[in-house]
Amino acid sequence: MKWIAPPYWHSIFLALLLLGIAADIIFGLDSVLNVISTVLVISVAVIILSTSALALGALAWITMRDAIEGLRSDRRERRAWLWRVAAYIGIFGIIVDGVVGTWNVFQQHVLFSTAVEEIPLAGVPVWLLLASYPIKWLEQAALRQRS
């Protein structure tokens, strides 16, 4: 805890102040202020992006964990579960279509709907997601017949 004591912080502040004055004399005030502002902007951007990436990763991990647990509990209790697989694949495909469509928007400077239309088989994930409920009904009917 010695490094928190005031003389050390005072010395660090004094050294930074002297470095700033020397840089001002050597390079000029505009250059020094531009470097300071650039470092601050990049630091804030890195902090925001890394926090967002960590939050998104945690959200994806929690979602996957809950989806796998839902599948396991349905299988254990002998309930319909195959429809969930089709729905999860459909949702994942829709997300991938969105990412690829966004990439196409920025690359080709077109509208999002046009960019998604250019993706081969872009409608398949939507149909797969919509087909998950008929799959559920068929699976439930088959399970009722077995019982």
# chains A, B, ... in the order shown; residues from 1 in each chain; ligands from 1
call {"tool": "residues_around", "arguments": {"residues": "segment 131-141 of chain A", "least_positions_apart": "5", "cutoff": "12 Å", "atoms": "only C-alpha atoms", "output": "list in words"}}
result
Asp74, Arg78, Arg79, Ala80, Trp81, Leu82, Trp83, Arg84, Val85, Ala86, Ala87, Tyr88, Ile89, Gly90, Ile91, Val124, Pro125, Val126, Arg146 and Ser147 of chain A
call {"tool": "atom_distance", "arguments": {"atom1": "atom CA of Ala122 of chain A", "atom2": "atom CA of Ile94 of chain A"}}
result
8.1 Å
call {"tool": "atom_distance", "arguments": {"atom1": "atom CA of Trp127 of chain A", "atom2": "atom CA of Gly93 of chain A"}}
result
10.4 Å
call {"tool": "residues_around", "arguments": {"residues": "Thr114 of chain A", "least_positions_apart": "6", "cutoff": "10 Å", "atoms": "only C-alpha atoms", "output": "number ranges by chain"}}
result
A: 101, 104-105
call {"tool": "residues_around", "arguments": {"residues": "Glu118 of chain A", "least_positions_apart": "6", "cutoff": "12 Å", "atoms": "only C-alpha atoms", "output": "MDAnalysis selection string"}}
result
chainID A and resid 97:98 100:105 108 110:112
call {"tool": "residues_around", "arguments": {"residues": "segment 30-36 of chain A", "least_positions_apart": "6", "cutoff": "8 Å", "atoms": "only C-alpha atoms", "output": "MDAnalysis selection string"}}
result
chainID A and resid 20 23:24
call {"tool": "atom_distance", "arguments": {"atom1": "atom CA of Glu117 of chain A", "atom2": "atom CA of Phe92 of chain A"}}
result
17.6 Å
call {"tool": "select_by_dssp", "arguments": {"residues": "segment 55-124 of chain A", "states": "alpha helix (DSSP H)", "output": "number ranges by chain"}}
result
A: 55-76, 82-108, 112-117, 124
